[in-house]
Amino acid sequence: MSSCIFCKIISKEIEGKIIYEDDQWLAFDDINPQAPVHVLIVPKEHIPTLNDLKENHRDIIGNMGVVINKITEIKNVREPGFRVVINCNPAGGQLVYHLHVHLLAGRQMHWPPG
Ligand code: AMP
Ligand code: ZN
């Protein structure tokens with residue numbers, strides 16, 4: 001999608017600090033980190049929100065956990081731990097309407113989240 005900031009990072013039109021890339025997923029550092037490690041893990045297909053997932057996305061989403069696993073290893077945050085977050089729509093705090101997973105680590109997380 002031409003106006004989407006994450007699509008522009010995927011197409012390399014805009015620079016991102018890329019951590020990991022495969023044929024389905026791209027991961028890059030968040031520009032406004034909320035923790036010492038804050039990575040965005042983004043499917044290359046422009047899917048606006050979790051609400052837009054369809055049957056044909058099973059393969060991409062099925063690989064999401066494996067991709068997260070690779071990135072936690074690259075970032076060396078598996079111990080003492082980390083948090084993953086997906087925001088959906090305004091009440092969920094979503095600002096960029098291209099599906100993405102936040103990986104946050106490097107400090108103690110709290111519950112409930114804000
Ligand atoms: P969300 O509120 O879940 O939609 O999160 C959007 C995230 O994208 C925020 O944490 C922003 O800091 C981040 N962000 C926005 N633009 C960029 C960019 N050009 N490069 C990296 N991260 C970005
Ligand atoms: Zn997009």
# chains A, B, ... in the order shown; residues from 1 in each chain; ligands from 1
>>> closest_atom_pairs(of="chain A", to="ligand 1", cutoff="10 Å", atoms="only C-alpha atoms and all ligand atoms", output="tab-separated table")
residue	atom	partner	partner_atom_place_in_ligand_line	distance
A:Cys4	CA	ligand 1	16 (N)	9.8
A:Ile5	CA	ligand 1	19 (N)	6.2
A:Phe6	CA	ligand 1	19 (N)	7.0
A:Lys8	CA	ligand 1	19 (N)	8.7
A:Ile9	CA	ligand 1	19 (N)	7.3
A:Ile14	CA	ligand 1	19 (N)	7.3
A:Glu15	CA	ligand 1	19 (N)	7.7
A:Gly16	CA	ligand 1	20 (N)	5.9
A:Lys17	CA	ligand 1	21 (C)	7.9
A:Ile18	CA	ligand 1	21 (C)	9.7
A:Ala27	CA	ligand 1	21 (C)	9.7
A:Phe28	CA	ligand 1	21 (C)	6.9
A:Asp29	CA	ligand 1	21 (C)	6.0
A:Asp30	CA	ligand 1	22 (N)	3.8
A:Ile31	CA	ligand 1	21 (C)	4.0
A:Asn32	CA	ligand 1	12 (O)	4.2
A:Pro33	CA	ligand 1	12 (O)	6.5
A:Gln34	CA	ligand 1	10 (O)	7.5
A:His38	CA	ligand 1	10 (O)	8.2
A:Val39	CA	ligand 1	22 (N)	8.3
A:Leu40	CA	ligand 1	22 (N)	7.0
A:Pro48	CA	ligand 1	4 (O)	10.0
A:Thr49	CA	ligand 1	4 (O)	9.4
A:Val85	CA	ligand 1	3 (O)	7.9
A:Ile86	CA	ligand 1	3 (O)	6.3
A:Asn87	CA	ligand 1	3 (O)	4.7
A:Cys88	CA	ligand 1	3 (O)	7.3
A:Asn89	CA	ligand 1	4 (O)	8.3
A:Pro90	CA	ligand 1	2 (O)	8.8
A:Gly92	CA	ligand 1	3 (O)	8.0
A:Gly93	CA	ligand 1	2 (O)	5.2
A:Gln94	CA	ligand 1	4 (O)	3.7
A:Leu95	CA	ligand 1	4 (O)	3.5
A:Val96	CA	ligand 1	4 (O)	3.8
A:Tyr97	CA	ligand 1	4 (O)	6.3
A:His98	CA	ligand 1	4 (O)	7.7
A:Leu99	CA	ligand 1	4 (O)	7.9
A:His100	CA	ligand 1	3 (O)	6.8
A:Val101	CA	ligand 1	3 (O)	7.6
A:His102	CA	ligand 1	3 (O)	7.1
>>> residues_around(residues="Ala35 of chain A", least_positions_apart="6", cutoff="7 Å", atoms="only C-alpha atoms", output="ChimeraX atom specification")
/A:104-107
>>> write_last_selection(atoms="N, CA and C atoms", output="PDB file, in the first residue's frame")
ATOM      1  N   LEU A 104       9.193  -6.148  23.236  1.00  0.00           N
ATOM      2  CA  LEU A 104       9.746  -5.225  24.237  1.00  0.00           C
ATOM      3  C   LEU A 104      10.560  -6.022  25.250  1.00  0.00           C
ATOM      4  N   ALA A 105      11.747  -5.515  25.565  1.00  0.00           N
ATOM      5  CA  ALA A 105      12.603  -6.223  26.525  1.00  0.00           C
ATOM      6  C   ALA A 105      13.664  -5.274  27.051  1.00  0.00           C
ATOM      7  N   GLY A 106      14.376  -5.768  28.071  1.00  0.00           N
ATOM      8  CA  GLY A 106      15.490  -4.995  28.608  1.00  0.00           C
ATOM      9  C   GLY A 106      15.131  -4.190  29.837  1.00  0.00           C
ATOM     10  N   ARG A 107      13.891  -4.280  30.272  1.00  0.00           N
ATOM     11  CA  ARG A 107      13.477  -3.681  31.554  1.00  0.00           C
ATOM     12  C   ARG A 107      12.328  -4.521  32.105  1.00  0.00           C
TER      13      ARG A 107
END
>>> atom_distance(atom1="atom CA of Trp25 of chain A", atom2="atom CA of Pro43 of chain A")
4.4 Å
>>> select_by_dssp(residues="segment 36-89 of chain A", states="alpha helix (DSSP H)", output="PyMOL selection string")
chain A and resi 58-74+89
>>> write_last_selection(atoms="N, CA, C and O atoms", output="PDB file, in the first residue's frame")
ATOM      1  N   ARG A  58      -3.263 -17.996   7.207  1.00  0.00           N
ATOM      2  CA  ARG A  58      -2.841 -19.014   8.180  1.00  0.00           C
ATOM      3  C   ARG A  58      -1.347 -19.290   8.120  1.00  0.00           C
ATOM      4  O   ARG A  58      -0.694 -19.464   9.146  1.00  0.00           O
ATOM      5  N   ASP A  59      -0.795 -19.339   6.903  1.00  0.00           N
ATOM      6  CA  ASP A  59       0.619 -19.687   6.766  1.00  0.00           C
ATOM      7  C   ASP A  59       1.501 -18.581   7.371  1.00  0.00           C
ATOM      8  O   ASP A  59       2.416 -18.859   8.159  1.00  0.00           O
ATOM      9  N   ILE A  60       1.203 -17.328   7.031  1.00  0.00           N
ATOM     10  CA  ILE A  60       1.982 -16.191   7.568  1.00  0.00           C
ATOM     11  C   ILE A  60       1.898 -16.170   9.093  1.00  0.00           C
ATOM     12  O   ILE A  60       2.919 -16.082   9.787  1.00  0.00           O
ATOM     13  N   ILE A  61       0.673 -16.243   9.606  1.00  0.00           N
ATOM     14  CA  ILE A  61       0.497 -16.137  11.056  1.00  0.00           C
ATOM     15  C   ILE A  61       1.066 -17.368  11.766  1.00  0.00           C
ATOM     16  O   ILE A  61       1.609 -17.253  12.871  1.00  0.00           O
ATOM     17  N   GLY A  62       0.976 -18.491  11.094  1.00  0.00           N
ATOM     18  CA  GLY A  62       1.556 -19.714  11.673  1.00  0.00           C
ATOM     19  C   GLY A  62       3.064 -19.585  11.862  1.00  0.00           C
ATOM     20  O   GLY A  62       3.627 -20.174  12.782  1.00  0.00           O
ATOM     21  N   ASN A  63       3.704 -18.804  11.006  1.00  0.00           N
ATOM     22  CA  ASN A  63       5.155 -18.627  11.105  1.00  0.00           C
ATOM     23  C   ASN A  63       5.559 -17.512  12.069  1.00  0.00           C
ATOM     24  O   ASN A  63       6.749 -17.363  12.377  1.00  0.00           O
ATOM     25  N   MET A  64       4.583 -16.769  12.561  1.00  0.00           N
ATOM     26  CA  MET A  64       4.888 -15.611  13.400  1.00  0.00           C
ATOM     27  C   MET A  64       5.667 -15.997  14.665  1.00  0.00           C
ATOM     28  O   MET A  64       6.652 -15.333  15.027  1.00  0.00           O
ATOM     29  N   GLY A  65       5.228 -17.057  15.307  1.00  0.00           N
ATOM     30  CA  GLY A  65       5.897 -17.466  16.545  1.00  0.00           C
ATOM     31  C   GLY A  65       7.335 -17.876  16.304  1.00  0.00           C
ATOM     32  O   GLY A  65       8.230 -17.593  17.122  1.00  0.00           O
ATOM     33  N   VAL A  66       7.585 -18.526  15.170  1.00  0.00           N
ATOM     34  CA  VAL A  66       8.946 -18.947  14.841  1.00  0.00           C
ATOM     35  C   VAL A  66       9.815 -17.723  14.586  1.00  0.00           C
ATOM     36  O   VAL A  66      10.970 -17.653  15.019  1.00  0.00           O
ATOM     37  N   VAL A  67       9.245 -16.724  13.915  1.00  0.00           N
ATOM     38  CA  VAL A  67       9.985 -15.483  13.638  1.00  0.00           C
ATOM     39  C   VAL A  67      10.288 -14.757  14.950  1.00  0.00           C
ATOM     40  O   VAL A  67      11.415 -14.292  15.172  1.00  0.00           O
ATOM     41  N   ILE A  68       9.308 -14.678  15.835  1.00  0.00           N
ATOM     42  CA  ILE A  68       9.539 -14.048  17.147  1.00  0.00           C
ATOM     43  C   ILE A  68      10.681 -14.768  17.862  1.00  0.00           C
ATOM     44  O   ILE A  68      11.581 -14.152  18.437  1.00  0.00           O
ATOM     45  N   ASN A  69      10.656 -16.092  17.797  1.00  0.00           N
ATOM     46  CA  ASN A  69      11.704 -16.893  18.440  1.00  0.00           C
ATOM     47  C   ASN A  69      13.085 -16.567  17.894  1.00  0.00           C
ATOM     48  O   ASN A  69      14.055 -16.450  18.652  1.00  0.00           O
ATOM     49  N   LYS A  70      13.184 -16.412  16.584  1.00  0.00           N
ATOM     50  CA  LYS A  70      14.484 -16.077  15.974  1.00  0.00           C
ATOM     51  C   LYS A  70      14.954 -14.709  16.477  1.00  0.00           C
ATOM     52  O   LYS A  70      16.140 -14.511  16.759  1.00  0.00           O
ATOM     53  N   ILE A  71      14.020 -13.758  16.591  1.00  0.00           N
ATOM     54  CA  ILE A  71      14.413 -12.393  16.950  1.00  0.00           C
ATOM     55  C   ILE A  71      14.785 -12.300  18.434  1.00  0.00           C
ATOM     56  O   ILE A  71      15.730 -11.590  18.792  1.00  0.00           O
ATOM     57  N   THR A  72      14.083 -13.028  19.288  1.00  0.00           N
ATOM     58  CA  THR A  72      14.473 -13.015  20.708  1.00  0.00           C
ATOM     59  C   THR A  72      15.863 -13.619  20.881  1.00  0.00           C
ATOM     60  O   THR A  72      16.619 -13.204  21.769  1.00  0.00           O
ATOM     61  N   GLU A  73      16.206 -14.555  19.982  1.00  0.00           N
ATOM     62  CA  GLU A  73      17.553 -15.128  20.042  1.00  0.00           C
ATOM     63  C   GLU A  73      18.583 -14.110  19.550  1.00  0.00           C
ATOM     64  O   GLU A  73      19.612 -13.901  20.190  1.00  0.00           O
ATOM     65  N   ILE A  74      18.284 -13.450  18.419  1.00  0.00           N
ATOM     66  CA  ILE A  74      19.198 -12.431  17.870  1.00  0.00           C
ATOM     67  C   ILE A  74      19.440 -11.328  18.908  1.00  0.00           C
ATOM     68  O   ILE A  74      20.565 -10.879  19.111  1.00  0.00           O
ATOM     69  N   ASN A  89      -6.749  -1.350  16.514  1.00  0.00           N
ATOM     70  CA  ASN A  89      -7.729  -0.252  16.404  1.00  0.00           C
ATOM     71  C   ASN A  89      -7.549   0.792  17.520  1.00  0.00           C
ATOM     72  O   ASN A  89      -6.699   0.613  18.409  1.00  0.00           O
TER      73      ASN A  89
END
>>> closest_residue(among="A:Glu79, A:Glu13, A:Asp23, A:Glu45", to="ligand 2", atoms="only C-alpha atoms and all ligand atoms")
A:Glu45
>>> atom_distance(atom1="atom CA of Gly81 of chain A", atom2="atom CA of Leu53 of chain A")
28.0 Å
>>> closest_residue(among="A:Val77, A:Ile19, A:Val42, A:Gln24", to="ligand 2", atoms="only C-alpha atoms and all ligand atoms")
A:Val42
>>> closest_residue(among="A:Ser11, A:Trp111, A:Leu50, A:Val37", to="ligand 2", atoms="only C-alpha atoms and all ligand atoms")
A:Ser11
>>> residues_around(residues="Leu26 of chain A", least_positions_apart="5", cutoff="6 Å", atoms="only C-alpha atoms", output="list in words")
Tyr20, Glu21, Ile41 and Val42 of chain A
>>> atom_distance(atom1="atom CA of Val84 of chain A", atom2="atom CA of His110 of chain A")
12.7 Å
>>> select_by_dssp(residues="segment 24-108 of chain A", states="strand (DSSP E)", output="list in words")
Trp25, Leu26, Ala27, Phe28, Asp29, Val37, His38, Val39, Leu40, Ile41, Val42, Pro43, Phe82, Arg83, Val84, Val85, Val101, His102, Leu103, Leu104 and Ala105 of chain A
>>> write_last_selection(atoms="C-alpha atoms", output="PDB file, in the first residue's frame")
ATOM      1  CA  TRP A  25       8.329 -11.064   7.647  1.00  0.00           C
ATOM      2  CA  LEU A  26      10.529  -8.024   8.360  1.00  0.00           C
ATOM      3  CA  ALA A  27      11.707  -6.896  11.807  1.00  0.00           C
ATOM      4  CA  PHE A  28      13.236  -3.493  12.572  1.00  0.00           C
ATOM      5  CA  ASP A  29      13.888  -1.264  15.577  1.00  0.00           C
ATOM      6  CA  VAL A  37      14.888  -3.401  23.159  1.00  0.00           C
ATOM      7  CA  HIS A  38      11.830  -2.459  21.072  1.00  0.00           C
ATOM      8  CA  VAL A  39      11.510  -4.283  17.771  1.00  0.00           C
ATOM      9  CA  LEU A  40       8.566  -4.198  15.363  1.00  0.00           C
ATOM     10  CA  ILE A  41       7.848  -7.498  13.609  1.00  0.00           C
ATOM     11  CA  VAL A  42       5.834  -6.884  10.470  1.00  0.00           C
ATOM     12  CA  PRO A  43       4.320  -9.166   7.811  1.00  0.00           C
ATOM     13  CA  PHE A  82      10.341 -10.135  27.192  1.00  0.00           C
ATOM     14  CA  ARG A  83       6.847  -9.032  26.176  1.00  0.00           C
ATOM     15  CA  VAL A  84       5.061  -9.167  22.804  1.00  0.00           C
ATOM     16  CA  VAL A  85       2.105  -6.883  22.098  1.00  0.00           C
ATOM     17  CA  VAL A 101       4.026  -7.209  16.744  1.00  0.00           C
ATOM     18  CA  HIS A 102       5.929  -5.162  19.332  1.00  0.00           C
ATOM     19  CA  LEU A 103       8.792  -7.034  21.024  1.00  0.00           C
ATOM     20  CA  LEU A 104       9.746  -5.225  24.237  1.00  0.00           C
ATOM     21  CA  ALA A 105      12.603  -6.223  26.525  1.00  0.00           C
TER      22      ALA A 105
END
>>> closest_residue(among="A:Gln108, A:Asn56, A:Ser2, A:Asn51", to="ligand 2", atoms="only C-alpha atoms and all ligand atoms")
A:Ser2
